[in-house]
Amino acid sequence: MSEVILHDEDQGSGSPALVFLHYFAGSLRSWAHVAGDLSSTGRCLRIDLPGFGRSAPLPAYSVHAVAQAVATQIANYRFDSYVLVGHSMGGKLALACAAMNPSGLAGLVLVAPSPPSPEPMDERERTRLLATHGDRASAERTVRAITRRDIPEADIAVCIEDNLLTSPEAWHWWLAEGSREDITEQAGQVACPVLVLGGSDDPVISPHVITADVMPRLANASRIEIAGAGHLLPLEAAQEVGTAIRSFVAQCATAPGTG
């Protein structure tokens, strides 16, 4: 199979670089505020996952196939050192990438991550989403339902637009299959330090899910809970997320065997 080239945006400079993966039905634009802040002191690469944003879909989907496409994209940059940051669906995919223990990976940040075990998604919500791909009213309903802090209407408009840009293949795969895949065995192979961020009021990935289904699967992980925040942490709590990432990167850069 020929190499899949994903759309990405690269800004800033420095090492370790930060590589950002977005949430389901989102795009690299969801990281605009966090990367805008962090790129003032470091390099930030944001990637549209296959079938999302401006990236074409894959011929065939699985967590491994998407992670492999991401890993190939990152490898093309030949970073000496980088930290991988994944939000929600992007968290599960970042975990799958990290399990490959790629050269240069210094750390992993999981933001409200879909767990390595099958995601405990409400089945009525799964059915609703599967039936409403491309529906603007449904897209708006979703973004307002999963947030707890107010976010600017301009950001809500971007979320809706990204939702509508999602390819049918990627949409159906994640809801019907990807979110249900079990990669707990691979999660146990992650060797780098991990930071897990979650919102105290997240209705999608609750604090209980992080406690029960994420933290026990990781050998070297710390956790921060952001009070009063829902699921879209890169938009609801961009400053807190950026601060946490900056601190974690500094720790990774000074840890033995990195930098």
# chains A, B, ... in the order shown; residues from 1 in each chain; ligands from 1
call {"tool": "residues_around", "arguments": {"residues": "Glu185 of chain A", "least_positions_apart": "4", "cutoff": "12 Å", "atoms": "only C-alpha atoms", "output": "list in words"}}
result
Leu95, Ala96, Ala99, Met100, Pro116, Ser117, Glu181, Gln189, Val190, Pro216, Arg217, Leu218 and Ala219 of chain A
call {"tool": "residues_around", "arguments": {"residues": "segment 132-138 of chain A", "least_positions_apart": "2", "cutoff": "10 Å", "atoms": "only C-alpha atoms", "output": "list in words"}}
result
Ala25, Thr127, Arg128, Leu129, Leu130, Glu140, Arg141, Thr142, Val143, Ile160, Glu161, Asn163, Leu164, Leu165, Thr166, Ser167, Pro168, Trp171 and His172 of chain A
call {"tool": "residues_around", "arguments": {"residues": "Leu58 of chain A", "least_positions_apart": "6", "cutoff": "9 Å", "atoms": "only C-alpha atoms", "output": "short mmCIF file (atom, residue, chain, number, x, y, z; two decimals) with N, CA and C atoms, in the first residue's frame"}}
result
data_model
loop_
_atom_site.label_atom_id
_atom_site.label_comp_id
_atom_site.auth_asym_id
_atom_site.auth_seq_id
_atom_site.Cartn_x
_atom_site.Cartn_y
_atom_site.Cartn_z
N VAL A 4 0.42 6.99 2.99
CA VAL A 4 -0.65 7.98 3.12
C VAL A 4 -0.05 9.27 3.66
N PRO A 50 -6.51 10.54 9.48
CA PRO A 50 -7.06 10.09 8.20
C PRO A 50 -8.59 10.14 8.16
N GLY A 51 -9.12 10.87 7.17
CA GLY A 51 -10.56 10.99 7.02
C GLY A 51 -11.17 12.13 7.81
N ALA A 65 -3.89 0.64 11.92
CA ALA A 65 -3.67 1.26 10.61
C ALA A 65 -3.57 2.77 10.73
N VAL A 66 -4.44 3.38 11.54
CA VAL A 66 -4.39 4.83 11.72
C VAL A 66 -3.12 5.22 12.47
N ALA A 69 -0.20 5.17 10.13
CA ALA A 69 -0.17 6.34 9.25
C ALA A 69 0.37 7.56 10.00
N GLU A 169 -16.34 7.19 5.92
CA GLU A 169 -15.55 6.01 6.30
C GLU A 169 -14.99 6.14 7.71
N ALA A 170 -14.38 7.31 7.97
CA ALA A 170 -13.78 7.53 9.29
C ALA A 170 -14.85 7.60 10.37
#
call {"tool": "atom_distance", "arguments": {"atom1": "atom CA of Leu233 of chain A", "atom2": "atom CA of Ser179 of chain A"}}
result
19.3 Å
call {"tool": "select_by_dssp", "arguments": {"residues": "segment 106-247 of chain A", "states": "helix (DSSP H, G or I)", "output": "number ranges by chain"}}
result
A: 123-131, 136-146, 153-165, 168-176, 178-180, 184-187, 207-217, 233-236, 238-247
call {"tool": "closest_residue", "arguments": {"among": "A:Ala75, A:Leu175, A:Thr254, A:Arg246", "to": "Ser40 of chain A", "atoms": "only C-alpha atoms"}}
result
A:Arg246
call {"tool": "decode", "arguments": {"residues": "segment 35-127 of chain A", "atoms": "C-alpha atoms", "output": "short mmCIF file (atom, residue, chain, number, x, y, z; two decimals), in the first residue's frame"}}
result
data_model
loop_
_atom_site.label_atom_id
_atom_site.label_comp_id
_atom_site.auth_asym_id
_atom_site.auth_seq_id
_atom_site.Cartn_x
_atom_site.Cartn_y
_atom_site.Cartn_z
CA ALA A 35 -0.41 25.21 20.01
CA GLY A 36 -0.60 28.95 19.50
CA ASP A 37 0.58 29.39 23.08
CA LEU A 38 3.14 26.60 23.17
CA SER A 39 4.69 27.43 19.78
CA SER A 40 6.07 30.63 21.31
CA THR A 41 8.61 28.47 23.13
CA GLY A 42 8.65 25.21 21.16
CA ARG A 43 7.82 23.42 17.94
CA CYS A 44 4.21 22.25 17.47
CA LEU A 45 3.05 19.85 14.76
CA ARG A 46 -0.72 19.37 14.45
CA ILE A 47 -2.04 16.52 12.32
CA ASP A 48 -5.42 15.90 10.68
CA LEU A 49 -6.09 12.19 11.25
CA PRO A 50 -7.06 10.09 8.20
CA GLY A 51 -10.56 10.99 7.02
CA PHE A 52 -10.79 14.05 9.28
CA GLY A 53 -10.16 17.71 8.50
CA ARG A 54 -8.24 17.94 5.24
CA SER A 55 -6.72 14.42 5.32
CA ALA A 56 -8.03 11.77 2.93
CA PRO A 57 -9.49 8.57 4.42
CA LEU A 58 -7.59 5.29 4.57
CA PRO A 59 -8.48 2.37 2.27
CA ALA A 60 -9.11 0.26 5.38
CA TYR A 61 -9.39 1.30 9.01
CA SER A 62 -8.21 -0.07 12.35
CA VAL A 63 -6.55 1.54 15.34
CA HIS A 64 -3.26 0.03 14.21
CA ALA A 65 -3.67 1.26 10.61
CA VAL A 66 -4.39 4.83 11.72
CA ALA A 67 -1.57 4.76 14.27
CA GLN A 68 0.80 3.49 11.58
CA ALA A 69 -0.17 6.34 9.25
CA VAL A 70 0.47 8.82 12.07
CA ALA A 71 3.77 7.20 13.00
CA THR A 72 4.92 7.39 9.38
CA GLN A 73 3.96 11.06 9.17
CA ILE A 74 5.91 11.84 12.35
CA ALA A 75 8.93 9.80 11.23
CA ASN A 76 9.15 11.90 8.06
CA TYR A 77 10.04 14.90 10.26
CA ARG A 78 13.01 13.09 11.84
CA PHE A 79 12.54 14.76 15.22
CA ASP A 80 15.43 14.19 17.63
CA SER A 81 12.89 14.23 20.44
CA TYR A 82 9.13 14.76 20.63
CA VAL A 83 6.14 14.48 22.95
CA LEU A 84 2.92 13.05 21.51
CA VAL A 85 -0.34 14.66 22.65
CA GLY A 86 -3.70 13.03 21.91
CA HIS A 87 -7.24 14.15 22.75
CA SER A 88 -10.16 11.72 23.11
CA MET A 89 -10.03 9.43 20.04
CA GLY A 90 -6.61 10.93 19.39
CA GLY A 91 -5.59 9.75 22.87
CA LYS A 92 -6.25 6.11 22.03
CA LEU A 93 -4.41 6.53 18.73
CA ALA A 94 -1.50 8.30 20.45
CA LEU A 95 -1.30 5.42 22.90
CA ALA A 96 -1.16 2.94 20.01
CA CYS A 97 1.65 5.00 18.43
CA ALA A 98 3.57 5.16 21.71
CA ALA A 99 3.27 1.39 22.13
CA MET A 100 5.47 1.04 19.04
CA ASN A 101 8.19 2.80 21.10
CA PRO A 102 9.29 4.92 18.13
CA SER A 103 12.67 6.61 18.00
CA GLY A 104 12.68 10.03 19.65
CA LEU A 105 9.48 9.64 21.69
CA ALA A 106 10.15 11.36 25.03
CA GLY A 107 6.66 11.49 26.51
CA LEU A 108 2.94 11.05 25.99
CA VAL A 109 0.09 13.35 27.01
CA LEU A 110 -3.42 11.89 26.98
CA VAL A 111 -6.18 14.51 27.15
CA ALA A 112 -9.61 13.13 28.08
CA PRO A 113 -8.49 9.97 26.27
CA SER A 114 -10.63 7.22 24.90
CA PRO A 115 -9.35 4.30 27.00
CA PRO A 116 -7.28 1.44 25.61
CA SER A 117 -10.16 -0.88 26.51
CA PRO A 118 -13.48 -0.53 24.65
CA GLU A 119 -14.85 2.96 25.31
CA PRO A 120 -17.97 2.86 27.53
CA MET A 121 -20.08 4.85 25.09
CA ASP A 122 -23.81 5.19 25.68
CA GLU A 123 -25.34 2.94 23.04
CA ARG A 124 -28.23 5.31 22.34
CA GLU A 125 -25.71 8.06 21.67
CA ARG A 126 -23.65 5.76 19.43
CA THR A 127 -26.79 4.93 17.43
#
